[in-house]
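Participant: mmCIF, C-alpha atoms and all ligand atoms, saved as final_32.cif, coming up:
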data_run
loop_
_atom_site.label_atom_id
_atom_site.label_comp_id
_atom_site.auth_asym_id
_atom_site.auth_seq_id
_atom_site.Cartn_x
_atom_site.Cartn_y
_atom_site.Cartn_z
CA MET A 12 -0.57 -31.87 -28.07
CA LEU A 13 -3.84 -30.01 -27.53
CA PRO A 14 -5.65 -32.51 -25.23
CA LEU A 15 -2.95 -31.84 -22.66
CA LEU A 16 -4.13 -28.26 -22.27
CA THR A 17 -6.22 -28.31 -19.09
CA MET A 18 -8.86 -25.67 -18.40
CA HIS A 19 -6.31 -23.84 -16.22
CA SER A 20 -3.64 -23.52 -18.87
CA LYS A 21 -6.23 -22.48 -21.49
CA THR A 22 -7.35 -19.50 -19.38
CA THR A 23 -3.75 -18.60 -18.62
CA LEU A 24 -3.08 -18.67 -22.34
CA ALA A 25 -6.17 -16.50 -22.92
CA PHE A 26 -4.99 -14.10 -20.22
CA ILE A 27 -1.51 -13.47 -21.58
CA SER A 28 -2.05 -14.12 -25.27
CA VAL A 29 -2.68 -10.87 -27.20
CA ALA A 30 -2.11 -7.12 -27.10
CA PRO A 31 -5.43 -5.32 -26.53
CA LYS A 32 -7.41 -3.87 -29.45
CA VAL A 33 -8.76 -0.33 -28.85
CA SER A 34 -10.85 2.03 -30.94
CA LEU A 35 -9.70 5.53 -31.89
CA SER A 36 -12.76 6.97 -30.18
CA ARG A 37 -11.70 5.25 -26.94
CA LEU A 38 -8.19 6.67 -27.25
CA ASP A 39 -9.71 10.10 -27.88
CA GLU A 40 -11.89 9.71 -24.80
CA LEU A 41 -8.88 8.74 -22.66
CA ARG A 42 -6.74 11.60 -24.03
CA ASN A 43 -9.61 14.03 -23.40
CA ARG A 44 -9.17 13.37 -19.69
CA ALA A 45 -6.02 15.52 -19.88
CA LYS A 46 -8.34 18.54 -20.06
CA PHE A 47 -9.76 17.88 -16.59
CA ILE A 48 -8.20 20.14 -13.93
CA GLY A 49 -8.21 18.70 -10.43
CA ARG A 50 -5.88 17.94 -7.51
CA SER A 51 -7.59 14.62 -6.72
CA CYS A 52 -9.88 11.97 -8.17
CA LYS A 53 -12.63 13.38 -5.90
CA GLU A 54 -12.33 16.79 -7.57
CA VAL A 55 -12.36 15.25 -11.08
CA LYS A 56 -15.38 13.13 -10.19
CA ASP A 57 -17.33 15.99 -8.62
CA ARG A 58 -16.30 18.64 -11.20
CA TYR A 59 -16.55 16.60 -14.40
CA GLY A 60 -18.96 13.83 -13.38
CA GLN A 61 -16.41 11.10 -14.10
CA ALA A 62 -17.71 7.81 -12.72
CA GLU A 63 -15.51 5.23 -14.49
CA ASP A 64 -12.62 3.63 -12.57
CA GLY A 65 -9.40 4.17 -14.49
CA LEU A 66 -6.49 6.42 -15.28
CA TYR A 67 -6.85 10.20 -14.97
CA TYR A 68 -4.54 13.23 -15.05
CA LEU A 69 -4.18 15.23 -11.81
CA THR A 70 -2.44 18.56 -11.09
CA THR A 71 -0.66 19.39 -7.83
CA SER A 72 -0.98 22.70 -5.99
CA THR A 73 2.34 23.65 -7.61
CA GLY A 74 1.26 22.69 -11.15
CA VAL A 75 2.91 19.27 -11.48
CA VAL A 76 0.78 17.03 -13.76
CA TYR A 77 0.75 13.27 -13.18
CA GLN A 78 -1.37 10.28 -14.08
CA THR A 79 -2.80 7.85 -11.60
CA PHE A 80 -5.68 5.42 -11.00
CA CYS A 81 -9.00 6.70 -9.69
CA ASP A 82 -11.47 4.45 -7.86
CA MET A 83 -14.66 6.29 -8.77
CA THR A 84 -17.07 3.67 -7.43
CA THR A 85 -16.23 2.34 -3.94
CA ALA A 86 -18.23 3.93 -1.08
CA GLY A 87 -19.13 6.96 -3.21
CA GLY A 88 -15.88 6.94 -5.19
CA GLY A 89 -13.32 9.71 -5.65
CA TRP A 90 -10.35 7.72 -4.27
CA THR A 91 -6.87 8.66 -5.61
CA LEU A 92 -4.14 6.00 -5.79
CA VAL A 93 -1.03 7.72 -4.31
CA ALA A 94 1.29 4.79 -3.56
CA SER A 95 1.84 1.02 -3.61
CA VAL A 96 4.08 -0.97 -1.28
CA HIS A 97 5.41 -4.04 -3.11
CA GLU A 98 7.83 -6.74 -1.98
CA ASP A 99 9.98 -7.77 -4.97
CA ASN A 100 12.09 -10.32 -3.06
CA ILE A 101 11.55 -11.14 0.61
CA TYR A 102 14.87 -13.05 0.70
CA ALA A 103 16.88 -9.94 -0.20
CA LYS A 104 17.08 -7.88 3.00
CA CYS A 105 16.94 -4.12 2.46
CA THR A 106 18.36 -4.17 -1.02
CA VAL A 107 17.36 -2.76 -4.42
CA GLY A 108 13.57 -2.48 -4.53
CA ASP A 109 13.09 -1.93 -0.80
CA ARG A 110 12.16 1.71 -1.38
CA TRP A 111 9.80 1.76 1.67
CA THR A 112 12.56 0.72 4.12
CA SER A 113 16.20 0.78 2.97
CA GLN A 114 17.91 -0.18 -0.27
CA GLN A 115 21.31 0.16 1.40
CA GLY A 116 21.26 -2.56 3.99
CA ASN A 117 20.18 -2.88 7.62
CA ASN A 118 22.18 -0.18 9.40
CA ALA A 119 21.62 1.58 12.74
CA ASN A 120 23.67 4.49 11.37
CA TRP A 121 20.90 5.08 8.82
CA PRO A 122 17.89 5.07 11.15
CA LYS A 123 15.45 6.64 8.67
CA GLY A 124 16.47 4.42 5.78
CA GLU A 125 15.24 5.77 2.41
CA GLY A 126 12.87 8.16 4.19
CA ASN A 127 10.28 7.85 1.40
CA TRP A 128 7.34 7.91 3.83
CA ALA A 129 8.15 11.55 4.58
CA ASN A 130 9.76 13.09 1.47
CA ARG A 131 8.72 14.32 -1.99
CA LYS A 132 10.45 11.58 -3.97
CA THR A 133 8.30 9.70 -6.49
CA PHE A 134 8.92 6.39 -8.22
CA GLY A 135 7.30 3.72 -10.33
CA THR A 136 4.29 3.96 -12.63
CA VAL A 137 0.59 3.51 -12.12
CA GLU A 138 0.30 0.60 -14.57
CA ALA A 139 3.14 -1.21 -12.78
CA ALA A 140 1.84 -0.54 -9.26
CA THR A 141 1.46 -4.28 -8.57
CA ASP A 142 4.76 -5.15 -10.30
CA ASP A 143 6.86 -2.79 -8.16
CA ASP A 144 6.61 0.15 -5.74
CA PHE A 145 4.70 3.25 -6.85
CA LYS A 146 4.59 6.75 -5.33
CA ASN A 147 3.23 9.83 -7.11
CA PRO A 148 3.02 13.56 -6.16
CA GLY A 149 -0.48 13.05 -4.76
CA TYR A 150 1.15 11.27 -1.78
CA TYR A 151 2.48 14.60 -0.44
CA ASP A 152 0.23 17.09 -2.30
CA ILE A 153 -3.40 16.03 -1.85
CA ASP A 154 -5.29 17.62 1.06
CA ALA A 155 -7.22 14.50 2.05
CA GLU A 156 -9.58 13.30 4.77
CA ASP A 157 -9.71 9.51 4.51
CA MET A 158 -7.77 6.55 3.12
CA SER A 159 -8.63 3.30 1.41
CA VAL A 160 -6.34 0.28 1.01
CA TRP A 161 -6.42 -2.62 -1.46
CA HIS A 162 -4.23 -5.73 -1.24
CA VAL A 163 -3.87 -6.85 -4.85
CA PRO A 164 -2.01 -9.96 -6.11
CA ASN A 165 1.27 -8.96 -7.77
CA LYS A 166 1.34 -8.53 -11.56
CA THR A 167 -2.41 -7.76 -11.80
CA PRO A 168 -3.29 -5.09 -14.43
CA PHE A 169 -5.20 -2.06 -13.09
CA TYR A 170 -8.48 -2.98 -14.84
CA HIS A 171 -8.57 -6.18 -12.73
CA TRP A 172 -7.40 -4.72 -9.38
CA ASN A 173 -10.83 -4.37 -7.81
CA LEU A 174 -11.91 -7.87 -8.82
CA ALA A 175 -8.59 -9.53 -7.89
CA ALA A 176 -8.06 -7.78 -4.53
CA ILE A 177 -7.88 -10.10 -1.48
CA MET A 178 -8.85 -7.31 0.94
CA ARG A 179 -10.28 -3.78 0.54
CA TYR A 180 -11.27 -1.25 3.21
CA HIS A 181 -11.56 2.48 3.86
CA THR A 182 -11.71 4.94 6.74
CA GLU A 183 -14.70 7.23 7.09
CA ARG A 184 -14.01 9.43 10.11
CA ARG A 185 -11.80 11.93 8.21
CA PHE A 186 -8.81 11.13 10.45
CA LEU A 187 -6.30 12.83 8.12
CA HIS A 188 -7.67 16.20 9.23
CA LEU A 189 -5.89 15.55 12.55
CA TYR A 190 -2.53 14.78 10.92
CA GLY A 191 -2.01 17.46 8.24
CA GLY A 192 -4.13 16.05 5.42
CA ASN A 193 -1.96 13.19 4.15
CA LEU A 194 0.69 10.58 5.04
CA TYR A 195 3.61 12.91 4.19
CA TYR A 196 2.58 15.18 7.11
CA LEU A 197 1.44 12.30 9.36
CA PHE A 198 4.89 10.66 9.09
CA HIS A 199 6.61 13.97 9.83
CA ARG A 200 4.70 13.95 13.12
CA TYR A 201 5.40 10.23 13.63
CA PRO A 202 8.83 9.59 12.03
CA VAL A 203 9.38 6.15 10.54
CA GLU A 204 12.81 5.96 12.18
CA TYR A 205 14.79 3.46 14.29
CA ASN A 206 15.17 4.16 18.01
CA VAL A 207 12.68 7.03 18.45
CA GLY A 208 10.49 5.26 20.98
CA LYS A 209 9.26 2.01 22.46
CA HIS A 210 6.56 -0.44 21.36
CA LEU A 211 2.91 0.24 22.10
CA SER A 212 3.22 3.50 24.11
CA ASP A 213 5.06 5.39 21.32
CA ASN A 214 3.11 3.93 18.38
CA GLY A 215 1.32 6.27 15.98
CA PRO A 216 -2.48 6.28 15.58
CA SER A 217 -4.76 3.29 14.95
CA ILE A 218 -7.88 4.25 12.96
CA PRO A 219 -11.08 2.15 12.66
CA ILE A 220 -11.86 0.90 9.15
CA VAL A 221 -14.96 -0.07 7.14
CA TYR A 222 -14.50 -3.15 4.97
CA ASP A 223 -15.37 -3.21 1.24
CA LEU A 224 -14.06 -6.78 0.99
CA GLY A 225 -13.27 -8.88 4.08
CA ASP A 226 -13.80 -8.47 7.82
CA LYS A 227 -11.90 -8.41 11.12
CA GLU A 228 -11.47 -12.21 11.18
CA SER A 229 -10.44 -12.65 7.53
CA THR A 230 -7.89 -9.88 8.08
CA LYS A 231 -6.26 -11.67 11.03
CA MET A 232 -6.18 -14.87 8.98
CA PHE A 233 -3.82 -13.30 6.44
CA TYR A 234 -1.22 -12.86 9.21
CA GLY A 235 0.67 -15.62 11.05
CA PRO A 236 -1.04 -17.69 13.78
CA TYR A 237 1.49 -16.41 16.37
CA SER A 238 0.70 -12.82 15.33
CA GLY A 239 -2.99 -13.54 15.95
CA GLY A 240 -2.27 -13.30 19.68
CA GLU A 241 -1.17 -9.68 19.45
CA ILE A 242 -3.39 -8.07 16.79
CA GLU A 243 -6.98 -6.84 16.66
CA GLY A 244 -8.66 -6.69 13.24
CA GLY A 245 -10.64 -3.69 12.01
CA PHE A 246 -8.03 -0.91 12.01
CA ILE A 247 -5.26 0.70 9.99
CA SER A 248 -2.30 1.60 12.23
CA PHE A 249 0.64 3.93 11.66
CA ARG A 250 4.28 4.05 12.90
CA ALA A 251 4.14 0.92 15.01
CA ILE A 252 7.38 0.16 16.90
CA ASN A 253 8.69 -3.29 17.83
CA HIS A 254 10.41 -4.74 20.90
CA GLU A 255 13.80 -3.75 19.52
CA ARG A 256 12.68 -0.10 18.79
CA ALA A 257 12.52 -0.63 15.02
CA ALA A 258 9.83 1.54 13.39
CA THR A 259 7.39 0.25 10.80
CA ALA A 260 5.04 2.43 8.72
CA ILE A 261 1.60 0.79 8.23
CA CYS A 262 -0.12 -2.17 9.88
CA SER A 263 -2.84 -2.94 7.34
CA GLY A 264 -6.21 -3.97 8.78
CA VAL A 265 -4.97 -4.42 12.34
CA LYS A 266 -4.13 -2.67 15.61
CA PRO A 267 -0.92 -3.86 17.37
CA LYS A 268 -1.37 -5.26 20.87
CA GLY A 269 2.23 -6.44 21.21
CA GLY A 270 5.80 -5.71 20.09
CA ASN A 271 6.40 -8.16 17.26
CA VAL A 272 4.94 -5.67 14.76
CA GLU A 273 7.55 -6.73 12.20
CA HIS A 274 5.24 -9.62 11.29
CA TYR A 275 2.08 -7.60 10.50
CA CYS A 276 3.26 -4.09 9.59
CA ILE A 277 5.00 -3.01 6.37
CA GLY A 278 7.61 -0.40 5.57
CA GLY A 279 10.02 1.03 8.06
CA GLY A 280 13.21 2.87 8.77
CA GLY A 281 16.76 1.66 8.09
CA PHE A 282 17.39 -0.73 10.99
CA PHE A 283 15.79 -3.81 12.54
CA LEU A 284 17.99 -5.37 15.26
CA GLU A 285 16.35 -8.77 15.79
CA GLY A 286 17.82 -11.50 13.60
CA ASN A 287 19.83 -8.74 11.84
CA PRO A 288 19.19 -8.35 8.84
CA LEU A 289 16.22 -10.78 8.55
CA GLN A 290 13.46 -8.25 9.34
CA CYS A 291 14.76 -5.45 7.08
CA GLY A 292 12.75 -4.98 3.87
CA ASP A 293 9.46 -3.58 2.56
CA PHE A 294 7.49 -6.57 3.90
CA THR A 295 9.70 -6.69 7.06
CA GLY A 296 9.41 -10.08 8.85
CA PHE A 297 6.43 -11.45 6.89
CA ALA A 298 8.36 -14.67 6.08
CA TRP A 299 9.96 -15.13 9.52
CA ASN A 300 8.94 -18.81 9.68
CA GLY A 301 9.26 -19.54 5.96
CA TYR A 302 7.94 -18.15 2.63
CA GLY A 303 4.15 -17.93 2.69
CA THR A 304 3.92 -20.86 5.12
CA HIS A 305 1.29 -19.24 7.37
CA ILE A 306 3.13 -21.01 10.22
CA GLY A 307 4.31 -19.22 13.39
CA PHE A 308 4.74 -15.53 12.53
CA SER A 309 4.75 -16.07 8.73
CA THR A 310 1.85 -14.57 6.77
CA SER A 311 -0.11 -16.44 4.14
CA LYS A 312 1.36 -16.66 0.61
CA GLN A 313 -1.48 -14.45 -0.69
CA MET A 314 -0.55 -11.63 1.73
CA LEU A 315 3.16 -11.96 0.91
CA GLU A 316 2.51 -11.88 -2.84
CA SER A 317 0.09 -8.94 -2.87
CA ALA A 318 0.98 -5.28 -3.34
CA VAL A 319 -0.59 -2.83 -0.86
CA LEU A 320 -2.30 0.03 -2.75
CA LEU A 321 -2.83 3.25 -0.78
CA PHE A 322 -5.59 5.71 -1.76
CA TYR A 323 -6.67 9.14 -0.44
CA ARG A 324 -10.04 10.93 -0.58
C1 LIG A 401 5.57 -17.47 20.27
C2 LIG A 401 6.87 -17.35 19.90
C3 LIG A 401 7.53 -16.13 20.37
O1 LIG A 401 8.93 -16.31 20.27
C4 LIG A 401 9.60 -15.12 20.51
O2 LIG A 401 9.40 -14.27 19.39
C5 LIG A 401 11.07 -15.40 20.62
O3 LIG A 401 11.55 -14.83 21.76
C6 LIG A 401 11.63 -14.64 19.44
O4 LIG A 401 12.58 -15.40 18.77
C7 LIG A 401 10.46 -14.43 18.56
C8 LIG A 401 10.58 -13.22 17.70
O5 LIG A 401 10.69 -12.03 18.47
C9 LIG A 401 9.40 -13.07 16.80
O6 LIG A 401 9.47 -11.78 16.20
CA CA A 402 9.49 -2.62 -2.73
CA CA A 403 10.17 -9.94 17.35
#
Is it possible to give me this structure as structure tokens?
Ligand code: 3S6
Ligand code: CA
Ligand code: CA

Facilitator:
Amino acid sequence: MLPLLTMHSKTTLAFISVAPKVSLSRLDELRNRAKFIGRSCKEVKDRYGQAEDGLYYLTTSTGVVYQTFCDMTTAGGGWTLVASVHEDNIYAKCTVGDRWTSQQGNNANWPKGEGNWANRKTFGTVEAATDDDFKNPGYYDIDAEDMSVWHVPNKTPFYHWNLAAIMRYHTERRFLHLYGGNLYYLFHRYPVEYNVGKHLSDNGPSIPIVYDLGDKESTKMFYGPYSGGEIEGGFISFRAINHERAATAICSGVKPKGGNVEHYCIGGGGFFLEGNPLQCGDFTGFAWNGYGTHIGFSTSKQMLESAVLLFYR
């Protein structure tokens, strides 16, 4: 039987085979992190000199304690994971799991959908942030300046996120100062809601990015060839609206130049008119011309099967 096991299957076996072994001293070290008092990974890093990427305990301005992942190394470190946008099933349109659009169908009478871009709901867990959506209190509590974003293949454990990511970038111009300090306030100013404006002229801000992995061209290549004609790489864009006045939340790595934003922006409100209900879901119209085909407006399979991790600093 053994000769049949190719190199590939051996590593897969190695990857999934055993529960990790850990020393008591390591557990003690991890539990000791509960003593650190800070509202963000930046505060924990600066106050307690923590330089190891991993899980830390944070405290909100109101005293809520939560655990999340801290990137303590990229571009000076101190990045707090506050949310992940994950597509559990692109074929199921605005159903269970579409927490960043609507889990109750594609309906013009519910223009804001779940409204999770601009509320204090939380869901998911940090260790499952590439298995399903994640949102913690830091999303609405942290007074931040910049963002970083990682696109990480689904089902990747946190200790492999950095290595496995297909794209990583950050902002450095402290744009969140202009929008209330985090996405909760930004999306109150720019509601992720159907029928509040028209494409291009009523879009939210597009902010230049600095790449940690990738570049403007590799970014465009993740999106469909037809989308290539209406996007510019090198930005993160917020509250982009499409031709049919559907709102989306984040266009990762690109600035919209046209109105088919449903093929390169994620999240949204509760209604997408075109091809009703085909564009309604956390990854909107990413599979418009087939699942991961990278034909027409369809993104690559890698982009479709990667969770989008959102960090603040
Ligand atoms: C280059 C193909 C554009 O085709 C248009 O976009 C066509 O009118 C629509 O069916 C299509 C969709 O709006 C794409 O989102
Ligand atoms: Ca989801
Ligand atoms: Ca369209």

Participant: Enumerate residues in contact with ligand LIG 401 (chain A): an atom-to-atom distance of at most 12 Å, counting all atoms listed in the file. Format the result as an NGL selection string.

Facilitator: :A and (235-241 or 253-255 or 257 or 269-276 or 283-287 or 289-290 or 295-300 or 306-309)

Participant: From the set A:Thr182, A:Gly225, A:Thr259, A:Gly280, which residue has the shortest atom-to-atom contact distance to Ile247 of chain A, counting only C-alpha atoms?

Facilitator: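 Answer, going by the shortest atom-to-atom distance: A:Thr182.
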
Participant: Please define a box with edges along x, y and z of the file around all atoms of segment 291-298 of chain A given in the file, extend it by 5 Å on each side, and return its centre and edge lengths in Å to one decimal, as AutoDock Vina command-line options.

Facilitator:
--center_x 10.6 --center_y -9.1 --center_z 5.7 --size_x 18.3 --size_y 21.1 --size_z 16.3

Participant: Atom CA of Leu187 of chain A and atom CA of ligand CA 403 (chain A), how far apart in Å?

Facilitator: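 Interatomic distance here is 29.6 Å.
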
Participant: Skip segment 169-179 of chain A itself and residues of its chain fewer than 2 positions away, then list as a VMD selection string all residues within 7 Å of it, counting all atoms listed in the file.

Facilitator: chain A and resid 138 160 to 164 167 222 to 225

Participant: What does the distance from atom CA of Gly303 of chain A to atom CA of Val265 of chain A come to in Å, to one decimal?

Facilitator: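 Distance reported for this atom pair: 18.9 Å.
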
Participant: May I have the residues within 12 Å of ligand CA 402 (chain A), computed using only C-alpha atoms and all ligand atoms, as a ChimeraX atom specification?

Facilitator: /A:94-101,103-114,125,127,134-135,139-146,165,277-279,291-295,315-319

Participant: Could you check which of A:Tyr59, A:Lys227, A:Pro216, A:His210 is closest to ligand CA 403 (chain A), using all atoms listed in the file?

Facilitator: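 Going through A:Tyr59, A:Lys227, A:Pro216, A:His210 one by one, the smallest distance to ligand CA 403 (chain A) is for A:His210.
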
Participant: Report, in Å to a single decimal, how far apart atom CA of Gln61 of chain A and atom CA of Gly192 of chain A are.

Facilitator: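 If I compute the distance from atom CA of Gly192 of chain A to atom CA of Gln61 of chain A, I get 23.6 Å.
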
Participant: Given only C-alpha atoms and all ligand atoms as the basis, pick out the residue of A:Ile252, A:Ile48, A:Val55, A:Ala155 nearest to ligand CA 403 (chain A).

Facilitator: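 Looking only at the distances to ligand CA 403 (chain A), the closest residue turns out to be A:Ile252.
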
Participant: Find, counting all atoms listed in the file, the residue in A:Trp121, A:Trp90, A:Tyr180, A:Phe322 that gets nearest to Ile220 of chain A.

Facilitator: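 Closest residue, counting all atoms listed in the file: A:Tyr180.
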
Participant: Between A:Arg256, A:Lys53, A:Tyr302, A:Phe282, which is the closest to ligand CA 403 (chain A) once you count all atoms listed in the file?

Facilitator: A:Arg256

Participant: Need the shell around Gly89 of chain A: protein/DNA/RNA residues with any atom at most 7 Å away, counting all atoms listed in the file. Skip same-chain ones fewer than 2 positions apart. Format as a PDB file with C-alpha atoms, in the coordinates of the input?

Facilitator:
ATOM      1  CA  CYS A  52      -9.880  11.970  -8.170  1.00  0.00           C
ATOM      2  CA  LYS A  53     -12.630  13.380  -5.900  1.00  0.00           C
ATOM      3  CA  LYS A  56     -15.380  13.130 -10.190  1.00  0.00           C
ATOM      4  CA  CYS A  81      -9.000   6.700  -9.690  1.00  0.00           C
ATOM      5  CA  ASP A  82     -11.470   4.450  -7.860  1.00  0.00           C
ATOM      6  CA  MET A  83     -14.660   6.290  -8.770  1.00  0.00           C
ATOM      7  CA  GLY A  87     -19.130   6.960  -3.210  1.00  0.00           C
ATOM      8  CA  THR A  91      -6.870   8.660  -5.610  1.00  0.00           C
ATOM      9  CA  ARG A 324     -10.040  10.930  -0.580  1.00  0.00           C
TER      10      ARG A 324
END

Participant: Kindly indicate which residue among A:Pro267, A:Gly60, A:Gly116, A:Gly208 lies nearest to Lys231 of chain A, using all atoms listed in the file for the distances.

Facilitator: A:Pro267

Participant: Taking N, CA and C atoms as the atom set, what does segment 30-47 of chain A look like once completed, written as an mmCIF file, in the frame of the given file?

Facilitator:
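The resulting part_14.cif:
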data_model
loop_
_atom_site.group_PDB
_atom_site.id
_atom_site.type_symbol
_atom_site.label_atom_id
_atom_site.label_comp_id
_atom_site.auth_asym_id
_atom_site.auth_seq_id
_atom_site.Cartn_x
_atom_site.Cartn_y
_atom_site.Cartn_z
ATOM 1 N N ALA A 30 -2.062 -8.559 -27.428
ATOM 2 C CA ALA A 30 -2.110 -7.120 -27.100
ATOM 3 C C ALA A 30 -3.534 -6.642 -27.296
ATOM 4 N N PRO A 31 -4.025 -5.748 -26.428
ATOM 5 C CA PRO A 31 -5.430 -5.320 -26.530
ATOM 6 C C PRO A 31 -5.697 -4.541 -27.807
ATOM 7 N N LYS A 32 -6.939 -4.657 -28.309
ATOM 8 C CA LYS A 32 -7.410 -3.870 -29.450
ATOM 9 C C LYS A 32 -8.187 -2.694 -28.860
ATOM 10 N N VAL A 33 -7.995 -1.457 -29.384
ATOM 11 C CA VAL A 33 -8.760 -0.330 -28.850
ATOM 12 C C VAL A 33 -9.158 0.589 -29.993
ATOM 13 N N SER A 34 -10.347 1.167 -29.859
ATOM 14 C CA SER A 34 -10.850 2.030 -30.940
ATOM 15 C C SER A 34 -10.249 3.430 -30.811
ATOM 16 N N LEU A 35 -10.205 4.156 -31.909
ATOM 17 C CA LEU A 35 -9.700 5.530 -31.890
ATOM 18 C C LEU A 35 -10.565 6.390 -30.970
ATOM 19 N N SER A 36 -11.870 6.140 -31.014
ATOM 20 C CA SER A 36 -12.760 6.970 -30.180
ATOM 21 C C SER A 36 -12.434 6.746 -28.699
ATOM 22 N N ARG A 37 -12.065 5.505 -28.347
ATOM 23 C CA ARG A 37 -11.700 5.250 -26.940
ATOM 24 C C ARG A 37 -10.398 5.962 -26.589
ATOM 25 N N LEU A 38 -9.445 5.946 -27.493
ATOM 26 C CA LEU A 38 -8.190 6.670 -27.250
ATOM 27 C C LEU A 38 -8.478 8.152 -27.088
ATOM 28 N N ASP A 39 -9.367 8.670 -27.952
ATOM 29 C CA ASP A 39 -9.710 10.100 -27.880
ATOM 30 C C ASP A 39 -10.339 10.411 -26.533
ATOM 31 N N GLU A 40 -11.213 9.511 -26.089
ATOM 32 C CA GLU A 40 -11.890 9.710 -24.800
ATOM 33 C C GLU A 40 -10.860 9.730 -23.670
ATOM 34 N N LEU A 41 -9.892 8.806 -23.732
ATOM 35 C CA LEU A 41 -8.880 8.740 -22.660
ATOM 36 C C LEU A 41 -7.979 9.967 -22.696
ATOM 37 N N ARG A 42 -7.590 10.400 -23.904
ATOM 38 C CA ARG A 42 -6.740 11.600 -24.030
ATOM 39 C C ARG A 42 -7.500 12.836 -23.573
ATOM 40 N N ASN A 43 -8.804 12.852 -23.787
ATOM 41 C CA ASN A 43 -9.610 14.030 -23.400
ATOM 42 C C ASN A 43 -9.551 14.270 -21.901
ATOM 43 N N ARG A 44 -9.227 13.211 -21.151
ATOM 44 C CA ARG A 44 -9.170 13.370 -19.690
ATOM 45 C C ARG A 44 -8.065 14.340 -19.280
ATOM 46 N N ALA A 45 -7.110 14.581 -20.194
ATOM 47 C CA ALA A 45 -6.020 15.520 -19.880
ATOM 48 C C ALA A 45 -6.564 16.932 -19.677
ATOM 49 N N LYS A 46 -7.771 17.190 -20.193
ATOM 50 C CA LYS A 46 -8.340 18.540 -20.060
ATOM 51 C C LYS A 46 -8.884 18.790 -18.662
ATOM 52 N N PHE A 47 -9.152 17.697 -17.915
ATOM 53 C CA PHE A 47 -9.760 17.880 -16.590
ATOM 54 C C PHE A 47 -8.731 18.462 -15.633
#
